[in-house]
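Working notes, beginning with the structure itself.
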Amino acid sequence: MKTLVTGATGFIGQALVARLRRDGHVVAAWARDPARARELLGAEVQVRSPADGPGALARALADADGIVNLAGEPIFGGRWTPARRQRLVDSRVRATEELVAALAARPRAPGVLVSASAVGYYGDRGDEPLAEESAPGRDFLADLCVRWEAAARGAERLGVRVALPRISIVLGRGGGALQSMLPAFRVGLGGPMGSGRQWMPWIHLDDLVEALAAALTDGRYAGPLVAAAPEPVTNADFGRALGRALRRPAFVRTPGFALKLALGESAGALLGGQRAEPARLRALGFAWRFPTLAAALADVLRPEGAP
């Protein structure tokens with residue numbers, strides 16, 4: 001299968017490209033920085049870029065059997081100023097609209113588009129159990145996800161099967177949420193954020209990659225899919241589990257007002273949460289390699305080279 005991956009140089013994208021290549025896929029990457037993409041992904045991955053000139057995206061899609069759309073500027077990393085909000089929208093909604101428009105120009109549509117979304121779709125919903133059919137929230141991130149998914153679903157009019165994994169917090173080596181958490185936790189200064197009662201759906205990187213790979217090849221994967229482990233935890237539970245895994249105390253609370261002072265409105269994404277559960281993946285018989293947080297953290301934190 002010839003697969004084009006956008007966002008291939010990111011934390012998730014690199015792991016997915018490696019997984020697809022091991023499975024025999026021919027992989028191409030759509031990347032803004034082709035030199036960096038070749039360095040990160042290897043010579044076997046064909047790299048296409050906007051620098052290739054007008055019509056480059058259409059040419060990159062010309063012979064693709066499937067597409068995985070992971071592109072998007074990181075949500076965290078600063079205040080949501082008007083300019084930053086626009087970059088978040090453009091890198092997701094506008095980029096996906098351009099992707100679908102390029103697909104529409106093809107004589108033959110590809111079989112599948114797997115287009116990332118996020119559990120932020122649901123907004124802050126307290127203890128309410130959430131699944132794929134639950135209504136969206138009403139904050140900025142929820143609206144962003146609704147528009148992002150709507151842009152991807154435009155490909156359905158072309159006869160393309162569209163899968164929309166709503167990705168939760170991803171745990172893996174060398175990146176993701178843990179990269180910013182570990183320094184404080186390693187010195188015993190980690191702990192809950194705000195009340196700690198907010199829910200934190202999560203998934204191990206390996207399980208997420210398997211779910212994305214399955215969505216490419218299994219026709220049953222269509223529409224929204226909560227990409228999370230079957231064991232949702234609260235923020236306080238997560239902190240305690242990470243402290244146990246590191247054998248460090250984890251009781252230093254970060255007050256909500258401090259996060260709001262530092263991050264502004266974007267702090268709401270840390271202080272709120274979603275009790276999102278992977279009902280569709282369960283129904284599809286998906287087998288998690290790391291269904292529990294303890295097992296996932298043990299794997300991610302084990303020393304390099306350890307069995």
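Labeling convention for the structure tokens: chains A, B, ... as they appear, residues from 1 per chain, ligands from 1 in order of appearance.
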Give me, as an mmCIF file with C-alpha atoms, in the first residue's frame, the residues of region 48-274 of chain A that a backbone DSSP run labels alpha helix (DSSP H).
data_model
loop_
_atom_site.group_PDB
_atom_site.id
_atom_site.type_symbol
_atom_site.label_atom_id
_atom_site.label_comp_id
_atom_site.auth_asym_id
_atom_site.auth_seq_id
_atom_site.Cartn_x
_atom_site.Cartn_y
_atom_site.Cartn_z
ATOM 1 C CA ALA A 56 3.113 19.752 -5.302
ATOM 2 C CA LEU A 57 0.438 18.405 -2.962
ATOM 3 C CA ALA A 58 -1.662 17.087 -5.841
ATOM 4 C CA ARG A 59 1.397 15.334 -7.271
ATOM 5 C CA ALA A 60 2.234 13.874 -3.846
ATOM 6 C CA LEU A 61 -1.287 12.454 -3.640
ATOM 7 C CA PRO A 82 -5.099 35.854 18.330
ATOM 8 C CA ALA A 83 -2.120 35.154 16.052
ATOM 9 C CA ARG A 84 -1.409 31.812 17.696
ATOM 10 C CA ARG A 85 -5.074 30.809 17.548
ATOM 11 C CA GLN A 86 -5.013 31.495 13.833
ATOM 12 C CA ARG A 87 -1.890 29.361 13.375
ATOM 13 C CA LEU A 88 -3.570 26.499 15.261
ATOM 14 C CA VAL A 89 -6.608 26.760 12.994
ATOM 15 C CA ALA A 95 -4.368 22.377 5.880
ATOM 16 C CA THR A 96 -6.991 19.605 5.887
ATOM 17 C CA GLU A 97 -9.248 21.586 3.564
ATOM 18 C CA GLU A 98 -6.322 21.981 1.155
ATOM 19 C CA LEU A 99 -5.649 18.245 1.385
ATOM 20 C CA VAL A 100 -9.240 17.352 0.536
ATOM 21 C CA ALA A 101 -9.305 19.891 -2.306
ATOM 22 C CA ALA A 102 -6.198 18.245 -3.771
ATOM 23 C CA LEU A 103 -7.905 14.848 -3.461
ATOM 24 C CA ALA A 104 -10.916 16.165 -5.357
ATOM 25 C CA PHE A 140 -11.882 26.964 21.571
ATOM 26 C CA LEU A 141 -10.315 23.501 21.393
ATOM 27 C CA ALA A 142 -13.678 21.806 20.946
ATOM 28 C CA ASP A 143 -14.602 24.171 18.125
ATOM 29 C CA LEU A 144 -11.198 23.598 16.541
ATOM 30 C CA CYS A 145 -11.722 19.817 16.584
ATOM 31 C CA VAL A 146 -15.257 20.109 15.190
ATOM 32 C CA ARG A 147 -13.998 22.208 12.268
ATOM 33 C CA TRP A 148 -10.968 19.921 11.774
ATOM 34 C CA GLU A 149 -13.157 16.821 11.548
ATOM 35 C CA ALA A 150 -15.647 18.552 9.255
ATOM 36 C CA ALA A 151 -12.819 19.473 6.884
ATOM 37 C CA ALA A 152 -11.662 15.834 6.754
ATOM 38 C CA ARG A 153 -15.190 14.522 6.232
ATOM 39 C CA ALA A 177 3.383 14.810 27.282
ATOM 40 C CA LEU A 178 5.940 13.026 29.472
ATOM 41 C CA GLN A 179 8.848 14.989 28.030
ATOM 42 C CA SER A 180 7.666 18.159 29.785
ATOM 43 C CA MET A 181 6.533 16.376 32.973
ATOM 44 C CA LEU A 182 9.575 14.243 33.761
ATOM 45 C CA PRO A 183 12.076 16.900 34.913
ATOM 46 C CA ALA A 184 9.862 18.010 37.824
ATOM 47 C CA PHE A 185 8.771 14.485 38.733
ATOM 48 C CA ARG A 186 12.332 13.133 38.690
ATOM 49 C CA LEU A 205 2.420 5.503 21.550
ATOM 50 C CA ASP A 206 2.695 1.883 20.368
ATOM 51 C CA ASP A 207 -1.048 1.340 20.789
ATOM 52 C CA LEU A 208 -1.873 4.587 19.009
ATOM 53 C CA VAL A 209 0.335 3.628 16.076
ATOM 54 C CA GLU A 210 -1.347 0.207 15.884
ATOM 55 C CA ALA A 211 -4.764 1.867 15.871
ATOM 56 C CA LEU A 212 -3.715 4.251 13.078
ATOM 57 C CA ALA A 213 -2.262 1.366 11.049
ATOM 58 C CA ALA A 214 -5.468 -0.641 11.536
ATOM 59 C CA ALA A 215 -7.564 2.327 10.417
ATOM 60 C CA LEU A 216 -5.596 2.428 7.166
ATOM 61 C CA THR A 217 -6.287 -1.164 6.200
ATOM 62 C CA ASN A 235 -4.841 13.973 36.883
ATOM 63 C CA ALA A 236 -4.086 13.179 40.534
ATOM 64 C CA ASP A 237 -4.086 9.422 39.806
ATOM 65 C CA PHE A 238 -1.737 9.996 36.886
ATOM 66 C CA GLY A 239 0.664 11.979 39.069
ATOM 67 C CA ARG A 240 0.678 9.301 41.753
ATOM 68 C CA ALA A 241 1.309 6.556 39.169
ATOM 69 C CA LEU A 242 4.177 8.499 37.614
ATOM 70 C CA GLY A 243 5.659 9.158 41.052
ATOM 71 C CA ARG A 244 5.488 5.435 41.899
ATOM 72 C CA ALA A 245 7.107 4.514 38.591
ATOM 73 C CA LEU A 246 9.970 6.942 39.303
ATOM 74 C CA GLY A 256 -4.822 26.551 38.932
ATOM 75 C CA PHE A 257 -4.343 30.312 39.276
ATOM 76 C CA ALA A 258 -0.609 29.928 38.644
ATOM 77 C CA LEU A 259 -1.258 28.041 35.408
ATOM 78 C CA LYS A 260 -3.776 30.674 34.338
ATOM 79 C CA LEU A 261 -1.292 33.467 35.043
ATOM 80 C CA ALA A 262 1.412 31.691 33.046
ATOM 81 C CA LEU A 263 -0.651 30.334 30.156
ATOM 82 C CA GLY A 268 -8.050 25.482 30.606
ATOM 83 C CA ALA A 269 -6.869 22.537 28.529
ATOM 84 C CA LEU A 270 -4.775 21.384 31.519
ATOM 85 C CA LEU A 271 -7.257 22.189 34.267
#
For Thr254 (chain A), list every protein, DNA or RNA residue within 10 Å, evaluated using only C-alpha atoms, and leave out those in the same chain fewer than 4 positions away; present the list as a VMD selection string. chain A and resid 189 to 196 258 to 259
Report the residues of region 68-158 of chain A whose backbone DSSP state falls under strand (DSSP E or B), written as a ChimeraX atom specification. /A:68-69,112-115,117-118,129-130
CA of Glu132 (chain A) sits from CA of Leu225 (chain A) at a separation of 6.1 Å
Residues near Gln274 (chain A), anyone? I mean within 8 Å using only C-alpha atoms, not counting same-chain ones fewer than 4 positions away, as a list in words.
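Once the nearby chain positions are removed, what remains is Val119, Gly120, Tyr122, Gly123, Asp124, Arg125, Gly126, Asp127, Glu128, Pro129, Leu130, Gln198, Trp199, Met200 and Pro201 of chain A.
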Written file, previous selection with C-alpha atoms, as a PDB file, in the first residue's frame:
ATOM      1  CA  VAL A 119     -10.332  14.340  22.771  1.00  0.00           C
ATOM      2  CA  GLY A 120     -10.444  18.121  23.165  1.00  0.00           C
ATOM      3  CA  TYR A 122     -15.565  17.138  24.041  1.00  0.00           C
ATOM      4  CA  GLY A 123     -14.452  20.178  26.042  1.00  0.00           C
ATOM      5  CA  ASP A 124     -14.308  20.059  29.842  1.00  0.00           C
ATOM      6  CA  ARG A 125     -17.113  17.694  30.853  1.00  0.00           C
ATOM      7  CA  GLY A 126     -16.286  16.809  34.468  1.00  0.00           C
ATOM      8  CA  ASP A 127     -17.165  13.207  35.385  1.00  0.00           C
ATOM      9  CA  GLU A 128     -19.516  12.640  32.425  1.00  0.00           C
ATOM     10  CA  PRO A 129     -18.599   9.416  30.560  1.00  0.00           C
ATOM     11  CA  LEU A 130     -17.919  10.274  26.933  1.00  0.00           C
ATOM     12  CA  GLN A 198      -9.959  16.344  36.011  1.00  0.00           C
ATOM     13  CA  TRP A 199      -9.886  13.222  33.839  1.00  0.00           C
ATOM     14  CA  MET A 200      -6.837  12.445  31.682  1.00  0.00           C
ATOM     15  CA  PRO A 201      -7.492   9.975  28.874  1.00  0.00           C
TER      16      PRO A 201
END
- Task: Might you pull out every residue within 6 Å of region 285-300 of chain A, with only C-alpha atoms counted and same-chain residues fewer than 6 positions away left off, and present them as a ChimeraX atom specification?
- Result: /A:172-173,207,229-231
- [ ] Write out as a VMD selection string each polymer residue whose atoms come within 10 Å of Ala37 (chain A), counting only C-alpha atoms; drop sequence neighbours fewer than 2 positions from it.
- [x] chain A and resid 7 to 10 14 29 to 35 39 to 43 45 to 49
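Ranking A:Val162, A:Thr3, A:Arg253, A:Ser91 by their shortest atom-to-atom distance to Asp63 (chain A), with only C-alpha atoms included, puts A:Thr3 first.
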The residue from A:Val5, A:Gly273, A:Glu73, A:Ala227 with the smallest atom-to-atom distance to Ala18 (chain A), counting only C-alpha atoms, is A:Val5
